[in-house]
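As provided, run18.txt (compact mmCIF, C-alpha atoms) reads as follows.
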```txt
# COMPACT_ATOMS: atom_id res chain seq x y z
CA MET Q 1 45.55 7.70 30.98
CA TYR Q 2 42.04 8.35 32.33
CA LYS Q 3 41.19 10.53 29.34
CA SER Q 4 42.50 7.87 26.97
CA LEU Q 5 40.34 5.20 28.62
CA VAL Q 6 37.24 7.42 28.38
CA SER Q 7 37.95 8.13 24.70
CA LYS Q 8 38.35 4.43 23.92
CA THR Q 9 35.12 3.62 25.77
CA ILE Q 10 33.22 6.28 23.83
CA ILE Q 11 34.59 4.97 20.53
CA ILE Q 12 33.60 1.40 21.45
CA LEU Q 13 30.09 2.46 22.47
CA PHE Q 14 29.66 4.57 19.36
CA SER Q 15 30.81 1.71 17.14
CA PHE Q 16 28.41 -0.64 18.91
CA LEU Q 17 25.48 1.72 18.34
CA ILE Q 18 26.33 2.03 14.65
CA LEU Q 19 26.48 -1.77 14.35
CA VAL Q 20 23.09 -2.11 16.06
CA ALA Q 21 21.55 0.55 13.79
CA LEU Q 22 22.87 -1.15 10.67
CA SER Q 23 21.56 -4.51 11.87
CA LEU Q 24 18.00 -3.34 12.67
CA PRO Q 25 16.66 -3.44 9.08
CA ILE Q 26 17.92 -7.02 8.77
CA LEU Q 27 16.28 -7.94 12.06
CA LEU Q 28 12.97 -6.38 11.05
CA LYS Q 29 13.01 -8.23 7.74
CA SER Q 30 13.74 -11.50 9.53
CA LEU Q 31 10.65 -10.90 11.67
CA GLY Q 32 8.49 -10.46 8.54
CA LEU Q 33 8.62 -6.79 7.55
CA HIS Q 34 8.81 -6.33 3.76
CA PRO Q 35 9.54 -9.98 3.03
CA ASP Q 36 11.52 -10.95 -0.05
CA PHE Q 37 9.41 -12.31 -2.90
CA ASP Q 38 10.43 -14.40 -5.89
CA SER Q 39 8.76 -12.23 -8.51
CA LYS Q 40 7.91 -13.52 -11.96
CA THR Q 41 8.05 -11.43 -15.13
CA PHE Q 42 4.90 -11.55 -17.27
CA GLU Q 43 4.54 -10.71 -20.96
CA LEU Q 44 2.30 -7.67 -20.55
CA ASN Q 45 3.86 -5.18 -22.93
CA GLY Q 46 1.38 -2.48 -23.90
CA ARG Q 47 -1.01 -3.36 -21.08
CA LYS Q 48 -1.90 -0.60 -18.63
CA ALA Q 49 -2.04 -0.35 -14.83
CA LEU Q 50 -3.48 2.48 -12.77
CA ILE Q 51 -2.26 3.09 -9.22
CA ILE Q 52 -4.62 5.14 -7.04
CA ALA Q 53 -3.56 6.91 -3.86
CA SER Q 54 -4.79 9.15 -1.08
CA SER Q 55 -4.39 12.92 -1.18
CA HIS Q 56 -4.62 13.37 2.60
CA ASN Q 57 -1.36 14.43 4.24
CA VAL Q 58 -2.08 15.08 7.94
CA LEU Q 59 -2.59 12.55 10.71
CA ASN Q 60 -5.18 14.65 12.50
CA LEU Q 61 -7.76 14.05 15.19
CA PRO Q 62 -11.47 14.43 14.35
CA GLY Q 63 -12.36 18.10 14.08
CA GLU Q 64 -8.73 19.20 13.88
CA VAL Q 65 -6.56 20.13 10.91
CA ARG Q 66 -3.11 19.85 12.45
CA GLY Q 67 -1.05 16.75 13.11
CA LYS Q 68 1.95 14.75 11.98
CA PRO Q 69 2.64 14.56 8.23
CA THR Q 70 1.25 11.41 6.66
CA GLY Q 71 -0.01 10.15 3.33
CA VAL Q 72 0.64 7.02 1.31
CA ALA Q 73 2.87 4.30 2.75
CA SER Q 74 5.73 4.53 0.26
CA SER Q 75 6.31 0.83 -0.40
CA GLU Q 76 2.60 0.26 -0.98
CA LEU Q 77 2.95 2.44 -4.06
CA THR Q 78 6.54 1.85 -5.16
CA VAL Q 79 6.65 -1.95 -4.90
CA PRO Q 80 3.59 -2.57 -7.15
CA TYR Q 81 4.76 0.24 -9.45
CA TYR Q 82 7.97 -1.59 -10.31
CA GLU Q 83 6.27 -4.99 -10.36
CA PHE Q 84 3.98 -3.69 -13.12
CA MET Q 85 6.78 -1.83 -14.90
CA ASN Q 86 9.07 -4.87 -14.87
CA SER Q 87 6.45 -6.81 -16.83
CA GLY Q 88 6.29 -4.15 -19.52
CA MET Q 89 3.13 -2.41 -18.38
CA ASP Q 90 2.46 1.30 -18.74
CA VAL Q 91 1.77 2.64 -15.25
CA ASP Q 92 -0.12 5.84 -14.38
CA LEU Q 93 -0.73 7.41 -10.98
CA ALA Q 94 -3.97 9.05 -9.89
CA SER Q 95 -5.24 10.42 -6.59
CA ILE Q 96 -8.39 11.73 -4.93
CA LYS Q 97 -7.50 15.39 -5.49
CA GLY Q 98 -4.89 15.06 -8.22
CA GLY Q 99 -1.49 16.75 -8.13
CA GLU Q 100 1.26 15.72 -5.75
CA ILE Q 101 0.68 12.50 -3.85
CA PRO Q 102 1.86 12.83 -0.23
CA ILE Q 103 4.23 10.13 0.98
CA ASP Q 104 4.29 9.37 4.69
CA PRO Q 105 7.82 10.43 5.73
CA GLU Q 106 8.00 7.74 8.40
CA THR Q 107 7.78 5.07 5.68
CA LEU Q 108 11.00 6.40 4.14
CA ILE Q 109 13.18 6.19 7.21
CA PHE Q 110 16.29 4.03 7.06
CA LEU Q 111 14.86 1.20 9.17
CA ILE Q 112 11.89 0.38 6.96
CA ARG Q 113 12.33 1.80 3.47
CA THR Q 114 12.56 -0.75 0.68
CA GLN Q 115 14.78 -1.02 -2.38
CA SER Q 116 11.76 0.05 -4.43
CA ASP Q 117 11.44 3.19 -2.30
CA LYS Q 118 15.07 4.08 -2.93
CA LYS Q 119 14.75 3.41 -6.66
CA PHE Q 120 11.55 5.45 -6.94
CA GLN Q 121 13.03 8.48 -5.17
CA ASN Q 122 15.82 8.54 -7.78
CA ASP Q 123 13.56 7.80 -10.75
CA ILE Q 124 12.90 11.12 -12.53
CA LYS Q 125 9.94 9.82 -14.55
CA ALA Q 126 8.34 8.13 -11.55
CA MET Q 127 8.73 11.20 -9.33
CA LYS Q 128 7.19 13.37 -12.05
CA LYS Q 129 4.13 11.12 -12.03
CA LEU Q 130 4.01 11.32 -8.22
CA LYS Q 131 4.11 15.12 -8.22
CA ASN Q 132 1.58 15.42 -11.03
CA SER Q 133 -0.87 12.61 -10.42
CA MET Q 134 -4.12 12.58 -12.36
CA LEU Q 135 -7.39 13.56 -10.70
CA ILE Q 136 -9.51 10.41 -10.47
CA ASP Q 137 -12.56 12.34 -11.69
CA ASP Q 138 -10.87 12.75 -15.07
CA VAL Q 139 -9.61 9.19 -15.45
CA ASP Q 140 -11.40 6.50 -17.43
CA PHE Q 141 -10.70 3.42 -15.32
CA THR Q 142 -11.98 1.13 -18.08
CA LYS Q 143 -8.94 2.00 -20.21
CA TYR Q 144 -6.70 0.12 -17.78
CA ASP Q 145 -6.22 -3.62 -17.36
CA LEU Q 146 -5.31 -3.42 -13.67
CA ILE Q 147 -6.59 -1.00 -11.03
CA TYR Q 148 -4.57 -0.96 -7.83
CA ILE Q 149 -5.21 1.11 -4.68
CA ALA Q 150 -2.34 1.89 -2.31
CA GLY Q 151 -2.85 2.37 1.42
CA GLY Q 152 -1.24 4.28 4.25
CA TRP Q 153 -2.75 6.34 7.06
CA GLY Q 154 -3.82 9.10 4.67
CA ALA Q 155 -6.13 6.65 2.93
CA ALA Q 156 -8.23 6.36 6.10
CA TYR Q 157 -9.36 9.96 5.58
CA ASP Q 158 -10.45 10.06 1.94
CA LEU Q 159 -10.62 6.77 0.01
CA GLY Q 160 -13.65 5.39 1.84
CA TYR Q 161 -15.57 8.65 1.52
CA SER Q 162 -15.14 9.13 -2.22
CA GLU Q 163 -18.35 8.43 -4.12
CA ILE Q 164 -16.47 9.14 -7.35
CA LEU Q 165 -13.89 6.47 -6.58
CA GLY Q 166 -16.67 4.02 -5.77
CA SER Q 167 -18.38 4.76 -9.07
CA LYS Q 168 -15.13 4.38 -11.01
CA ILE Q 169 -14.41 1.03 -9.33
CA SER Q 170 -17.89 -0.17 -10.33
CA GLU Q 171 -17.26 0.86 -13.94
CA ALA Q 172 -13.94 -0.99 -13.93
CA TYR Q 173 -15.55 -4.09 -12.46
CA TYR Q 174 -18.27 -4.21 -15.12
CA ALA Q 175 -15.62 -3.68 -17.78
CA ASN Q 176 -14.01 -6.92 -16.52
CA LYS Q 177 -10.92 -5.27 -15.06
CA ILE Q 178 -8.85 -6.75 -12.21
CA ILE Q 179 -8.86 -4.66 -9.03
CA GLY Q 180 -6.34 -4.80 -6.23
CA ALA Q 181 -5.68 -3.00 -2.94
CA ILE Q 182 -3.58 -3.41 0.18
CA CYS Q 183 -3.58 -2.22 3.80
CA HIS Q 184 -5.91 0.83 3.96
CA GLY Q 185 -6.39 0.69 0.19
CA PRO Q 186 -9.47 -1.58 0.34
CA LEU Q 187 -11.35 1.36 1.91
CA GLY Q 188 -11.50 2.66 -1.66
CA LEU Q 189 -13.84 -0.23 -2.52
CA LEU Q 190 -16.49 0.63 0.05
CA ASN Q 191 -18.65 2.81 -2.19
CA ALA Q 192 -18.61 0.56 -5.25
CA LYS Q 193 -22.13 -0.67 -6.12
CA ASP Q 194 -23.48 -3.41 -8.32
CA LYS Q 195 -26.21 -2.88 -10.91
CA ASN Q 196 -28.86 -3.35 -8.23
CA GLY Q 197 -27.37 -0.64 -6.03
CA LYS Q 198 -25.94 -3.11 -3.51
CA LEU Q 199 -22.37 -3.04 -2.21
CA LEU Q 200 -20.14 -4.71 -4.76
CA ILE Q 201 -17.80 -6.21 -2.19
CA ALA Q 202 -20.47 -7.73 0.06
CA GLY Q 203 -20.02 -11.50 0.39
CA ARG Q 204 -16.53 -11.49 -1.11
CA LYS Q 205 -13.37 -12.78 0.55
CA MET Q 206 -11.02 -9.87 1.24
CA THR Q 207 -8.41 -8.58 3.63
CA GLY Q 208 -6.88 -5.30 4.77
CA VAL Q 209 -4.99 -3.95 7.73
CA THR Q 210 -6.34 -5.49 10.93
CA ASP Q 211 -7.84 -3.66 13.88
CA LYS Q 212 -5.16 -5.42 15.93
CA GLN Q 213 -2.36 -3.79 13.91
CA VAL Q 214 -4.00 -0.37 14.19
CA ILE Q 215 -4.13 -0.74 17.97
CA GLU Q 216 -0.57 -2.07 18.16
CA LEU Q 217 0.72 0.93 16.22
CA GLY Q 218 -1.25 3.27 18.48
CA ILE Q 219 -2.93 5.17 15.65
CA GLU Q 220 -6.62 4.77 16.38
CA MET Q 221 -7.72 8.36 15.71
CA THR Q 222 -8.20 7.86 11.99
CA PRO Q 223 -11.87 7.99 10.91
CA GLN Q 224 -11.92 4.55 9.26
CA HIS Q 225 -10.24 1.23 10.03
CA PRO Q 226 -10.21 -1.32 7.17
CA GLU Q 227 -11.13 -4.47 9.08
CA THR Q 228 -14.03 -2.74 10.82
CA GLU Q 229 -15.35 -1.10 7.65
CA LEU Q 230 -14.94 -4.15 5.43
CA ARG Q 231 -16.83 -6.31 7.91
CA LYS Q 232 -19.60 -3.69 8.04
CA ALA Q 233 -19.81 -3.87 4.26
CA GLY Q 234 -20.44 -7.61 4.42
CA VAL Q 235 -16.96 -8.76 3.41
CA ILE Q 236 -15.80 -12.21 4.46
CA PHE Q 237 -12.71 -10.84 6.18
CA GLU Q 238 -9.54 -12.92 6.30
CA SER Q 239 -6.22 -12.17 7.96
CA LYS Q 240 -3.18 -13.71 9.55
CA SER Q 241 -1.65 -12.68 12.84
CA LYS Q 242 1.74 -12.65 14.55
CA PHE Q 243 2.95 -11.43 17.92
CA ASN Q 244 2.62 -8.04 16.21
CA ASP Q 245 0.57 -7.78 13.00
CA LEU Q 246 3.12 -5.36 11.51
CA PHE Q 247 5.04 -8.52 10.64
CA ALA Q 248 2.08 -10.55 9.37
CA ASN Q 249 1.22 -11.03 5.70
CA HIS Q 250 -1.78 -12.35 3.80
CA VAL Q 251 -3.15 -11.98 0.28
CA VAL Q 252 -6.70 -12.91 -0.72
CA VAL Q 253 -8.24 -13.48 -4.15
CA ASP Q 254 -12.04 -13.49 -4.26
CA ASP Q 255 -13.80 -16.49 -5.81
CA GLU Q 256 -14.50 -14.58 -9.02
CA LYS Q 257 -10.82 -13.64 -9.38
CA ARG Q 258 -11.70 -9.99 -9.78
CA PHE Q 259 -10.40 -8.57 -6.49
CA VAL Q 260 -6.95 -9.14 -5.02
CA THR Q 261 -6.36 -7.68 -1.57
CA GLY Q 262 -3.32 -7.64 0.70
CA GLN Q 263 -3.38 -7.38 4.48
CA ASN Q 264 -0.73 -4.69 4.97
CA GLN Q 265 2.52 -3.14 3.79
CA ASN Q 266 4.12 -6.57 3.44
CA ALA Q 267 1.79 -7.62 0.61
CA GLY Q 268 2.88 -5.31 -2.22
CA HIS Q 269 4.87 -7.82 -4.26
CA GLU Q 270 2.45 -10.71 -3.93
CA THR Q 271 -0.67 -8.63 -4.59
CA ALA Q 272 0.76 -7.12 -7.78
CA GLN Q 273 2.07 -10.50 -8.90
CA MET Q 274 -1.30 -12.16 -8.35
CA MET Q 275 -3.09 -9.40 -10.28
CA MET Q 276 -0.74 -9.86 -13.24
CA SER Q 277 -1.02 -13.63 -13.06
CA ILE Q 278 -4.81 -13.44 -13.37
CA LEU Q 279 -4.50 -10.97 -16.24
CA ALA Q 280 -1.98 -13.17 -18.05
CA GLU Q 281 -4.37 -16.13 -17.79
CA GLU Q 282 -7.14 -14.09 -19.39
CA ILE Q 283 -5.12 -12.85 -22.35
```
Write out the structure in this file as structure tokens.
Amino acid sequence: MYKSLVSKTIIILFSFLILVALSLPILLKSLGLHPDFDSKTFELNGRKALIIASSHNVLNLPGEVRGKPTGVASSELTVPYYEFMNSGMDVDLASIKGGEIPIDPETLIFLIRTQSDKKFQNDIKAMKKLKNSMLIDDVDFTKYDLIYIAGGWGAAYDLGYSEILGSKISEAYYANKIIGAICHGPLGLLNAKDKNGKLLIAGRKMTGVTDKQVIELGIEMTPQHPETELRKAGVIFESKSKFNDLFANHVVVDDEKRFVTGQNQNAGHETAQMMMSILAEEI
């Protein structure tokens, strides 16, 4: 009888834990993580979008080369990818070093992965692009209608240090292209210059992951933090906050309607949608 009671108790506890685990993604979404978005389909057949990502794959301390695997936050790439694809756009992937784009494994865990993440991992064509991304040096940004920069912890190590990326963003801007970025992605705008050699983003309204969120997640060792760096560059920084900024969301369009930036991983749908909306108005 005692053994039977213990067995029943274990089964009840195990069932309870499974129920809790299955409920966590729903709870996180209700708090604001990866919010649902009523996406619109645009008539953009034949138009082209370029998604740019980090090539850095280690969350390492300054001066060290070892650390936890990191890279691009999956949804920050996959969500805009399918937003663009669903409107008939041709979508290419490029990265700082070319080749395989590293995806932060923690962004693919059961609790936080999105439907777009799942779809992408089973999409043979999409995965081929991910594993064979173009080297940004070889890409003519002016051939694309939309330029979008994904974030993730890896981006803190290379996007903001790339003079080539900065130069390419400047070329795209002067070719009247629409440029977007979310989370750590706006670091890729830091080295873009205007025709007078001044920072292109200075004086513009923008957003990116907040210093508060970086602190809350306990990952402060990265060499660049978007809010800090954007403010240094003269950006009029905007953001929204919650009890934890992981659940906050904010998208900003600059007054010229040339830059669309999202605060964090929750902004993928809205940022891509806003970029396409602006493009559709211009066609």
At a cut-off of 12 Å, can you tabulate as CSV every residue of stretch 160-216 of chain Q near stretch 57-73 of chain Q together with its closest atom pair and the distance in Å to one decimal, using only C-alpha atoms and ordering rows by chain then number?
```
residue,atom,partner,partner_atom,distance
Q:Ile182,CA,Q:Ala73,CA,10.4
Q:Cys183,CA,Q:Ala73,CA,9.2
Q:His184,CA,Q:Val72,CA,9.4
Q:Gly185,CA,Q:Val72,CA,9.5
```
Write to file, as an mmCIF file, keeping the file's coordinate frame, the residues of the selection just made, with C-alpha atoms.
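Generated file (out24.cif):
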```cif
data_model
loop_
_atom_site.group_PDB
_atom_site.id
_atom_site.type_symbol
_atom_site.label_atom_id
_atom_site.label_comp_id
_atom_site.auth_asym_id
_atom_site.auth_seq_id
_atom_site.Cartn_x
_atom_site.Cartn_y
_atom_site.Cartn_z
ATOM 1 C CA ILE Q 182 -3.580 -3.410 0.180
ATOM 2 C CA CYS Q 183 -3.580 -2.220 3.800
ATOM 3 C CA HIS Q 184 -5.910 0.830 3.960
ATOM 4 C CA GLY Q 185 -6.390 0.690 0.190
#
```
### Task
Starting from the point (-2.5, 9.2, -7.7), work out which residues of protein, DNA or RNA have an atom no more than 8 Å away when counting only C-alpha atoms; state them as number ranges by chain.
Q: 51-55, 92-96, 98-101, 130, 133-136
### Task
State, in Å with one decimal place, the distance from atom CA of Q:Asp90 to atom CA of Q:Lys48.
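It comes out at 4.8 Å.
Counting all atoms listed in the file and comparing Q:Asp137, Q:Leu246, Q:Asn86, Q:Lys143, the residue that lies closest to Q:Asn45 is Q:Asn86.
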### Query
Taking (-3.3, 2.4, 6.6) in the file's coordinates as the center, which residues reach within 8 Å of it, counting all atoms listed in the file, put as a PyMOL selection string?
chain Q and resi 73+151-156+183-185+209+225-226+264
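A straight line drawn from atom CA of Q:His250 to atom CA of Q:Ala126 is 27.5 Å long.
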Contacts of stretch 127-214 of chain Q with stretch 231-240 of chain Q up to 6 Å, shortest pair per row, all atoms listed in the file, as JSON lines:
```
{"residue": "Q:Ala202", "atom": "CA", "partner": "Q:Gly234", "partner_atom": "CA", "distance": 4.4}
{"residue": "Q:Gly203", "atom": "CA", "partner": "Q:Val235", "partner_atom": "CA", "distance": 5.1}
{"residue": "Q:Arg204", "atom": "CA", "partner": "Q:Val235", "partner_atom": "CA", "distance": 5.3}
{"residue": "Q:Lys205", "atom": "CA", "partner": "Q:Ile236", "partner_atom": "CA", "distance": 4.6}
{"residue": "Q:Met206", "atom": "CA", "partner": "Q:Phe237", "partner_atom": "CA", "distance": 5.3}
{"residue": "Q:Thr207", "atom": "CA", "partner": "Q:Glu238", "partner_atom": "CA", "distance": 5.2}
```
### Summary
Counting all atoms listed in the file, closest pick from Q:Gln213, Q:Asp245, Q:Thr228, Q:Ala175 relative to Q:Leu190 is Q:Thr228
### Task
Tell me which of Q:Val139, Q:Leu187, Q:Ile109, Q:Met274 sits closest to Q:Phe259, counting all atoms listed in the file.
Q:Met274
### Task
Excluding Q:Leu146 and residues on its chain fewer than 4 positions from it, collect all residues at most 12 Å away from it, counting all atoms listed in the file, and give them as a PyMOL selection string.
chain Q and resi 44+47-52+80-81+84+89-92+141-142+169+172-173+175-181+258-260+271-280
### Message
Please list as JSON, numbers by chain every residue within 6 Å of Q:Glu227, counting only C-alpha atoms and excluding residues in the same chain fewer than 2 positions away.
### Response
{"Q": [210, 211, 225, 229, 230]}
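Closest approach to Q:Ser162 from the set Q:Lys119, Q:Lys131, Q:Lys198, Q:Lys97 is made by Q:Lys97, with distances taken over all atoms listed in the file.
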#### Entry: Residue nearest Q:Ser116 among Q:His56, Q:Tyr82, Q:Ile147, Q:Pro35 (counting all atoms listed in the file)
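With all atoms listed in the file as the atom set, the closest residue is Q:Tyr82.
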Six-sided padding of 3 Å per side, axis-aligned box over stretch 37-41 of chain Q, centre and edges in Å, one decimal, as AutoDock Vina command-line options:
```
--center_x 9.2 --center_y -12.9 --center_z -9.0 --size_x 8.5 --size_y 9.0 --size_z 18.2
```
### Query
atom CA of Q:Leu189 and atom CA of Q:Ser167, how far apart in Å?
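Distance between the two atoms: 9.4 Å.
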Using the block above, I'd like stretch 147-160 of chain Q written out, keeping N, CA and C atoms and formatting it as a PDB file, in the first residue's frame.
```
ATOM      1  N   ILE Q 147      16.588  46.954 -46.366  1.00  0.00           N
ATOM      2  CA  ILE Q 147      17.779  46.445 -45.685  1.00  0.00           C
ATOM      3  C   ILE Q 147      17.418  46.299 -44.221  1.00  0.00           C
ATOM      4  N   TYR Q 148      17.496  45.086 -43.708  1.00  0.00           N
ATOM      5  CA  TYR Q 148      17.107  44.827 -42.325  1.00  0.00           C
ATOM      6  C   TYR Q 148      18.258  44.152 -41.574  1.00  0.00           C
ATOM      7  N   ILE Q 149      18.529  44.627 -40.349  1.00  0.00           N
ATOM      8  CA  ILE Q 149      19.628  44.087 -39.541  1.00  0.00           C
ATOM      9  C   ILE Q 149      19.074  43.405 -38.295  1.00  0.00           C
ATOM     10  N   ALA Q 150      19.331  42.111 -38.175  1.00  0.00           N
ATOM     11  CA  ALA Q 150      18.889  41.341 -37.013  1.00  0.00           C
ATOM     12  C   ALA Q 150      19.841  41.578 -35.835  1.00  0.00           C
ATOM     13  N   GLY Q 151      19.359  41.266 -34.638  1.00  0.00           N
ATOM     14  CA  GLY Q 151      20.183  41.462 -33.445  1.00  0.00           C
ATOM     15  C   GLY Q 151      20.596  40.155 -32.796  1.00  0.00           C
ATOM     16  N   GLY Q 152      20.652  40.166 -31.480  1.00  0.00           N
ATOM     17  CA  GLY Q 152      21.166  39.029 -30.728  1.00  0.00           C
ATOM     18  C   GLY Q 152      22.488  39.408 -30.092  1.00  0.00           C
ATOM     19  N   TRP Q 153      22.918  38.621 -29.101  1.00  0.00           N
ATOM     20  CA  TRP Q 153      24.146  38.971 -28.375  1.00  0.00           C
ATOM     21  C   TRP Q 153      25.370  39.004 -29.280  1.00  0.00           C
ATOM     22  N   GLY Q 154      25.410  38.144 -30.292  1.00  0.00           N
ATOM     23  CA  GLY Q 154      26.559  38.131 -31.193  1.00  0.00           C
ATOM     24  C   GLY Q 154      26.775  39.470 -31.866  1.00  0.00           C
ATOM     25  N   ALA Q 155      25.679  40.163 -32.148  1.00  0.00           N
ATOM     26  CA  ALA Q 155      25.748  41.448 -32.833  1.00  0.00           C
ATOM     27  C   ALA Q 155      26.532  42.497 -32.050  1.00  0.00           C
ATOM     28  N   ALA Q 156      26.593  42.334 -30.730  1.00  0.00           N
ATOM     29  CA  ALA Q 156      27.307  43.297 -29.884  1.00  0.00           C
ATOM     30  C   ALA Q 156      28.814  43.234 -30.106  1.00  0.00           C
ATOM     31  N   TYR Q 157      29.285  42.187 -30.779  1.00  0.00           N
ATOM     32  CA  TYR Q 157      30.716  41.994 -30.968  1.00  0.00           C
ATOM     33  C   TYR Q 157      31.226  42.399 -32.350  1.00  0.00           C
ATOM     34  N   ASP Q 158      30.322  42.490 -33.348  1.00  0.00           N
ATOM     35  CA  ASP Q 158      30.860  42.780 -34.682  1.00  0.00           C
ATOM     36  C   ASP Q 158      30.117  43.846 -35.487  1.00  0.00           C
ATOM     37  N   LEU Q 159      28.792  43.974 -35.346  1.00  0.00           N
ATOM     38  CA  LEU Q 159      28.070  44.921 -36.187  1.00  0.00           C
ATOM     39  C   LEU Q 159      28.568  46.352 -36.029  1.00  0.00           C
ATOM     40  N   GLY Q 160      28.744  46.785 -34.791  1.00  0.00           N
ATOM     41  CA  GLY Q 160      29.125  48.169 -34.521  1.00  0.00           C
ATOM     42  C   GLY Q 160      30.568  48.492 -34.817  1.00  0.00           C
TER      43      GLY Q 160
END
```
